[in-house]
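Novice: My questions all concern the structure below.
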Amino acid sequence: MSDALTFLMSYETLRVVWWLFLGVLLIGFAIMDGFDLGVGVLLPIVARTDDERRVLINTIGPTWEGNQVWFILGGGAIFAAFPLIYAAAFSGFFVALILVLFALILRPVGFDYRSKLADPRWRSLWDVCLFIGGFVPALVFGVAFGNLLLGVPFRYDEALRVYYDGNFFGLLNPFALLVGVVSLSLLVMHGAVFLQLKTVGELRARARRWHRIAALAFVASFAGAGLWIAFGVDGYRLASFAGTQAGSNPLAKTVVVEAGAWFANFRALPVLWLIPLLGFAGAGVAWWLASRRAGWAFVASGFAIAATILTAGVAMFPFMMPSNLMPSHSLTVWDSTSSLLTLRWMFWMTVLFLPLIILYTSWVFRVMRGPVMVEHVRGSDAHY
């Protein structure tokens, strides 16, 4: 085994690699399924007639199922690579995750059943379900990230059994709700850009107006969340730990809670400030290009999403799930992973299959390119 491969396959490196892989999967989900969620939120707002609502649904109808592969991959990666994170998250965020799953279940049912009957009341019911299926996940995912930045009230006993001492309503605190607005406005902006790529005429003009509203909401809430973290949220700092090559024991470290700790990585490597700036720049470029080159605007919107998620990940590194109840029980990259053998097997499987997923997704979007118009769906049973 060469020196480079030996380094790559070391426990310390693979832990960071899997932190990066998880970030890629979360970004992939937010970009690819995020515009689906955004279109769902915009469905009763942008479209005013049944034909227009069918147009919006058909812009995402051929691709939404494939896009959710990223969500499944992300959940599977947490389960296999970070089992302690998976266990603690399902203890702490159980009600929130069930709420998200129920909302996501409404999406396939809504897509399949909405056009089965022509009754306006029937179709309006499923329109509401599709709205809920977009709004709830977009908001709750942001609320979850906000609570991670604040710290989650969990702890371990001597046998490493996890206990959660909070409740669902405790997650709905003002800071977490602000981060939820960041997530919601970002995905609505992404969905509105996608609609400008896939619709024409008045629908496109309405999507453009809501794109502007969502972009302003994102910039304001993203900046507000950053200022709140700077002046109103204590961060976590790893004071001592067993080592990067040690086994996963979340109790073998000392953690300090102090003001400004979430900015330590940015202070240590100032070039990292380019990441949140890219978030603002991506939203601005998407705004500027949307009416001219919607395809490039969609790419810029994707960069804004990636930068937003990376900003949170870089700020928290190496923490993944801090505990505000027992800070020393917080979960980090170094003490929440699976065994070295598991990480190695999963690494090679990911290297093999992730490019195939990207190629397949690219092919589908190439085949389904072009706008959807009212004439395509009016009087047709072959569409949603």
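If you're wondering about the labels, chains in the structure tokens are A, B, ... by order shown, residues count from 1 in each chain, ligands from 1 in order shown.
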So that I can see what lies close to A:Ala290, please list as a PyMOL selection string the residues with an atom at most 12 Å from it, counting only C-alpha atoms and leaving out residues fewer than 5 positions away in the same chain.

Specialist: chain A and resi 189-198+204-205+207-212+215+282-285+295-301

Novice: Tell me which protein, DNA and RNA residues are within 6 Å of A:Phe131, counting only C-alpha atoms, leaving out same-chain ones fewer than 3 positions away, and put them as a list in words.

Specialist: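 Residues near the query, excluding close chain neighbours: Gly40, Val41, Val128, Gly134 and Phe135 of chain A.
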
Novice: Give me, as a JSON list (two decimals) with N, CA and C atoms, in the first residue's frame, all polymer residues having an atom no more than 7 Å from A:Trp334, counting only C-alpha atoms and skipping those fewer than 4 positions away in the same chain.

Specialist:
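This went into result-v5.json:
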```json
[["chain", "number", "residue", "atom", "x", "y", "z"],
["A", 15, "ARG", "N", -12.19, 9.39, 9.16],
["A", 15, "ARG", "CA", -13.20, 10.11, 9.94],
["A", 15, "ARG", "C", -13.50, 11.47, 9.32],
["A", 244, "THR", "N", -7.09, 11.40, 17.84],
["A", 244, "THR", "CA", -7.83, 11.20, 16.60],
["A", 244, "THR", "C", -7.87, 9.75, 16.16],
["A", 248, "SER", "N", -14.13, 5.13, 19.52],
["A", 248, "SER", "CA", -15.23, 6.08, 19.68],
["A", 248, "SER", "C", -15.81, 5.99, 21.09]]
```

Novice: Which residues of stretch 79-146 of chain A come within 9 Å of stretch 175-178 of chain A, and what is each one's closest atom pair and distance in Å (one decimal), counting only C-alpha atoms, sorted by chain and residue number, as JSON lines?

Specialist:
```
{"residue": "A:Leu139", "atom": "CA", "partner": "A:Leu177", "partner_atom": "CA", "distance": 8.0}
{"residue": "A:Val140", "atom": "CA", "partner": "A:Leu177", "partner_atom": "CA", "distance": 8.6}
{"residue": "A:Gly142", "atom": "CA", "partner": "A:Ala176", "partner_atom": "CA", "distance": 7.2}
{"residue": "A:Val143", "atom": "CA", "partner": "A:Ala176", "partner_atom": "CA", "distance": 4.6}
{"residue": "A:Ala144", "atom": "CA", "partner": "A:Ala176", "partner_atom": "CA", "distance": 7.1}
{"residue": "A:Phe145", "atom": "CA", "partner": "A:Ala176", "partner_atom": "CA", "distance": 7.3}
{"residue": "A:Gly146", "atom": "CA", "partner": "A:Ala176", "partner_atom": "CA", "distance": 4.1}
```

Novice: For A:Ala220, which residue out of A:Phe303, A:Tyr236, A:Phe102, A:Phe280 is the nearest one, using only C-alpha atoms?

Specialist: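 Closest residue, counting only C-alpha atoms: A:Phe280.
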
Novice: For a quick check of understanding, using only C-alpha atoms, which of A:Trp363, A:Phe263, A:Trp18, A:Tyr156 has the smallest distance to A:Ala87?

Specialist: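 Distance minimum relative to A:Ala87 lands on A:Tyr156.
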
Novice: Counting only C-alpha atoms, what is within 12 Å of A:Ser124, bar same-chain residues fewer than 2 positions away, as a PDB file with N, CA and C atoms, in the first residue's frame?

Specialist:
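What ended up in selection.pdb:
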```pdb
ATOM      1  N   LEU A  43     -46.546  26.225  -4.730  1.00  0.00           N
ATOM      2  CA  LEU A  43     -47.666  25.717  -5.525  1.00  0.00           C
ATOM      3  C   LEU A  43     -48.949  26.529  -5.357  1.00  0.00           C
ATOM      4  N   PRO A  44     -49.431  26.764  -4.125  1.00  0.00           N
ATOM      5  CA  PRO A  44     -50.694  27.527  -4.005  1.00  0.00           C
ATOM      6  C   PRO A  44     -50.497  29.042  -4.113  1.00  0.00           C
ATOM      7  N   ARG A  48     -52.444  29.961 -10.063  1.00  0.00           N
ATOM      8  CA  ARG A  48     -53.766  30.472  -9.709  1.00  0.00           C
ATOM      9  C   ARG A  48     -54.912  29.655 -10.299  1.00  0.00           C
ATOM     10  N   THR A  49     -54.627  28.840 -11.289  1.00  0.00           N
ATOM     11  CA  THR A  49     -55.660  27.990 -11.884  1.00  0.00           C
ATOM     12  C   THR A  49     -55.225  26.537 -11.777  1.00  0.00           C
ATOM     13  N   ASP A  50     -56.161  25.632 -12.029  1.00  0.00           N
ATOM     14  CA  ASP A  50     -55.821  24.212 -11.967  1.00  0.00           C
ATOM     15  C   ASP A  50     -54.776  23.847 -13.010  1.00  0.00           C
ATOM     16  N   ARG A  53     -51.421  24.976 -11.757  1.00  0.00           N
ATOM     17  CA  ARG A  53     -50.913  24.107 -10.695  1.00  0.00           C
ATOM     18  C   ARG A  53     -50.406  22.787 -11.274  1.00  0.00           C
ATOM     19  N   ARG A  54     -51.082  22.278 -12.297  1.00  0.00           N
ATOM     20  CA  ARG A  54     -50.607  21.056 -12.952  1.00  0.00           C
ATOM     21  C   ARG A  54     -49.262  21.289 -13.638  1.00  0.00           C
ATOM     22  N   GLY A 110     -49.843  12.782  -2.830  1.00  0.00           N
ATOM     23  CA  GLY A 110     -50.398  13.940  -3.521  1.00  0.00           C
ATOM     24  C   GLY A 110     -50.136  13.899  -5.011  1.00  0.00           C
ATOM     25  N   TYR A 113     -52.450  11.007  -6.534  1.00  0.00           N
ATOM     26  CA  TYR A 113     -53.910  11.051  -6.410  1.00  0.00           C
ATOM     27  C   TYR A 113     -54.543  12.369  -6.828  1.00  0.00           C
ATOM     28  N   ARG A 114     -53.756  13.435  -6.931  1.00  0.00           N
ATOM     29  CA  ARG A 114     -54.364  14.738  -7.167  1.00  0.00           C
ATOM     30  C   ARG A 114     -55.219  14.777  -8.428  1.00  0.00           C
ATOM     31  N   SER A 115     -54.731  14.244  -9.529  1.00  0.00           N
ATOM     32  CA  SER A 115     -55.435  14.353 -10.801  1.00  0.00           C
ATOM     33  C   SER A 115     -56.349  13.167 -11.087  1.00  0.00           C
ATOM     34  N   LEU A 117     -59.285  12.712  -9.796  1.00  0.00           N
ATOM     35  CA  LEU A 117     -60.640  13.240  -9.886  1.00  0.00           C
ATOM     36  C   LEU A 117     -60.585  14.700 -10.295  1.00  0.00           C
ATOM     37  N   ALA A 118     -61.603  15.146 -11.008  1.00  0.00           N
ATOM     38  CA  ALA A 118     -61.652  16.539 -11.466  1.00  0.00           C
ATOM     39  C   ALA A 118     -62.307  17.476 -10.460  1.00  0.00           C
ATOM     40  N   ASP A 119     -62.834  16.944  -9.358  1.00  0.00           N
ATOM     41  CA  ASP A 119     -63.502  17.757  -8.343  1.00  0.00           C
ATOM     42  C   ASP A 119     -62.518  18.792  -7.780  1.00  0.00           C
ATOM     43  N   PRO A 120     -62.835  20.098  -7.858  1.00  0.00           N
ATOM     44  CA  PRO A 120     -61.923  21.128  -7.344  1.00  0.00           C
ATOM     45  C   PRO A 120     -61.587  20.949  -5.865  1.00  0.00           C
ATOM     46  N   ARG A 121     -62.552  20.481  -5.069  1.00  0.00           N
ATOM     47  CA  ARG A 121     -62.282  20.290  -3.646  1.00  0.00           C
ATOM     48  C   ARG A 121     -61.255  19.193  -3.438  1.00  0.00           C
ATOM     49  N   TRP A 122     -61.373  18.122  -4.220  1.00  0.00           N
ATOM     50  CA  TRP A 122     -60.409  17.024  -4.140  1.00  0.00           C
ATOM     51  C   TRP A 122     -59.010  17.524  -4.477  1.00  0.00           C
ATOM     52  N   TRP A 126     -55.328  18.018  -2.063  1.00  0.00           N
ATOM     53  CA  TRP A 126     -53.989  17.498  -2.342  1.00  0.00           C
ATOM     54  C   TRP A 126     -52.990  18.620  -2.581  1.00  0.00           C
ATOM     55  N   ASP A 127     -53.472  19.767  -3.058  1.00  0.00           N
ATOM     56  CA  ASP A 127     -52.580  20.919  -3.172  1.00  0.00           C
ATOM     57  C   ASP A 127     -52.077  21.341  -1.791  1.00  0.00           C
ATOM     58  N   VAL A 128     -52.978  21.335  -0.810  1.00  0.00           N
ATOM     59  CA  VAL A 128     -52.577  21.659   0.567  1.00  0.00           C
ATOM     60  C   VAL A 128     -51.576  20.630   1.079  1.00  0.00           C
ATOM     61  N   CYS A 129     -51.813  19.356   0.768  1.00  0.00           N
ATOM     62  CA  CYS A 129     -50.886  18.303   1.204  1.00  0.00           C
ATOM     63  C   CYS A 129     -49.509  18.490   0.582  1.00  0.00           C
ATOM     64  N   LEU A 130     -49.455  18.854  -0.692  1.00  0.00           N
ATOM     65  CA  LEU A 130     -48.176  19.086  -1.354  1.00  0.00           C
ATOM     66  C   LEU A 130     -47.475  20.310  -0.775  1.00  0.00           C
ATOM     67  N   PHE A 131     -48.261  21.318  -0.400  1.00  0.00           N
ATOM     68  CA  PHE A 131     -47.673  22.486   0.266  1.00  0.00           C
ATOM     69  C   PHE A 131     -47.061  22.088   1.600  1.00  0.00           C
TER      70      PHE A 131
END
```

Novice: Could you please determine the separation between atom CA of A:Leu251 and atom CA of A:Ala312 in Å, to one decimal place?

Specialist: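 Taking atom CA of A:Leu251 as the start and atom CA of A:Ala312 as the end point, the length is 24.1 Å.
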
Novice: Between atom CA of A:Phe7 and atom CA of A:Val314, what is the distance, to one decimal in Å?

Specialist: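 Separating atom CA of A:Phe7 from atom CA of A:Val314 is a distance of 22.3 Å.
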
Novice: Taking only stretch 106-252 of chain A into account, list the residues labelled alpha helix (DSSP H) by DSSP (computed from the backbone), as a ChimeraX atom specification.

Specialist: /A:106-113,120-150,168-171,174-198,201-232

Novice: To test your reading of the structure, identify every residue in stretch 3-182 of chain A that backbone DSSP assigns to strand (DSSP E or B), and report it as a PDB file with C-alpha atoms, in the first residue's frame.

Specialist:
```
ATOM      1  CA  VAL A 152     -28.886  19.481  22.380  1.00  0.00           C
ATOM      2  CA  PHE A 154     -28.639  14.790  25.935  1.00  0.00           C
ATOM      3  CA  ARG A 155     -26.185  12.835  28.070  1.00  0.00           C
ATOM      4  CA  TYR A 156     -24.730   9.345  28.491  1.00  0.00           C
ATOM      5  CA  VAL A 162     -28.051   7.950  25.681  1.00  0.00           C
ATOM      6  CA  TYR A 163     -30.718   9.986  27.507  1.00  0.00           C
ATOM      7  CA  TYR A 164     -32.527  13.011  26.116  1.00  0.00           C
TER       8      TYR A 164
END
```

Novice: With only C-alpha atoms as the counted atoms, please give the residues lying no more than 12 Å from A:Ala306, apart from itself and same-chain residues fewer than 4 positions off, as a PyMOL selection string.

Specialist: chain A and resi 23-32+34+183+186-187+190+275-283+299-302+310-314

Novice: Identify, on the basis of only C-alpha atoms, every residue whose closest approach to A:Gly243 does not exceed 12 Å; exclude the query and any residue fewer than 5 positions from it along the same chain; express the result as a compact mmCIF listing (two decimals) with N, CA and C atoms, in the first residue's frame.

Specialist:
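Result file is part.txt:
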```txt
# COMPACT_ATOMS: atom_id res chain seq x y z
N TYR A 11 -7.46 5.74 10.25
CA TYR A 11 -8.69 6.04 11.00
C TYR A 11 -8.91 7.55 11.07
N GLU A 12 -7.87 8.30 11.35
CA GLU A 12 -7.99 9.75 11.48
C GLU A 12 -8.49 10.37 10.18
N LEU A 238 -13.07 22.02 21.97
CA LEU A 238 -12.49 20.77 22.45
C LEU A 238 -11.20 21.09 23.19
N SER A 248 -14.13 5.13 19.52
CA SER A 248 -15.23 6.08 19.68
C SER A 248 -15.81 5.99 21.09
N ASN A 249 -15.27 6.81 21.97
CA ASN A 249 -15.76 6.92 23.34
C ASN A 249 -16.09 8.38 23.61
N PRO A 250 -17.37 8.77 23.58
CA PRO A 250 -17.73 10.18 23.71
C PRO A 250 -17.46 10.76 25.09
N ALA A 252 -14.51 10.43 26.73
CA ALA A 252 -13.06 10.56 26.96
C ALA A 252 -12.53 11.89 26.43
N LYS A 253 -13.15 12.99 26.87
CA LYS A 253 -12.68 14.30 26.42
C LYS A 253 -13.18 15.36 27.37
N THR A 254 -12.64 16.55 27.21
CA THR A 254 -13.08 17.72 27.97
C THR A 254 -13.51 18.80 26.98
N THR A 332 -18.34 14.29 18.53
CA THR A 332 -17.46 14.91 17.55
C THR A 332 -17.10 13.92 16.45
N VAL A 333 -16.40 14.41 15.46
CA VAL A 333 -15.91 13.56 14.38
C VAL A 333 -15.01 12.45 14.94
N TRP A 334 -14.29 12.74 16.03
CA TRP A 334 -13.29 11.81 16.54
C TRP A 334 -13.86 10.74 17.45
N ASP A 335 -15.08 10.88 17.93
CA ASP A 335 -15.56 9.88 18.90
C ASP A 335 -16.99 9.43 18.63
```

Novice: Determine the nearest neighbour of A:Gly232 from the options A:Ala268, A:Trp288, A:Ala4, A:Leu149, counting only C-alpha atoms.

Specialist: A:Leu149
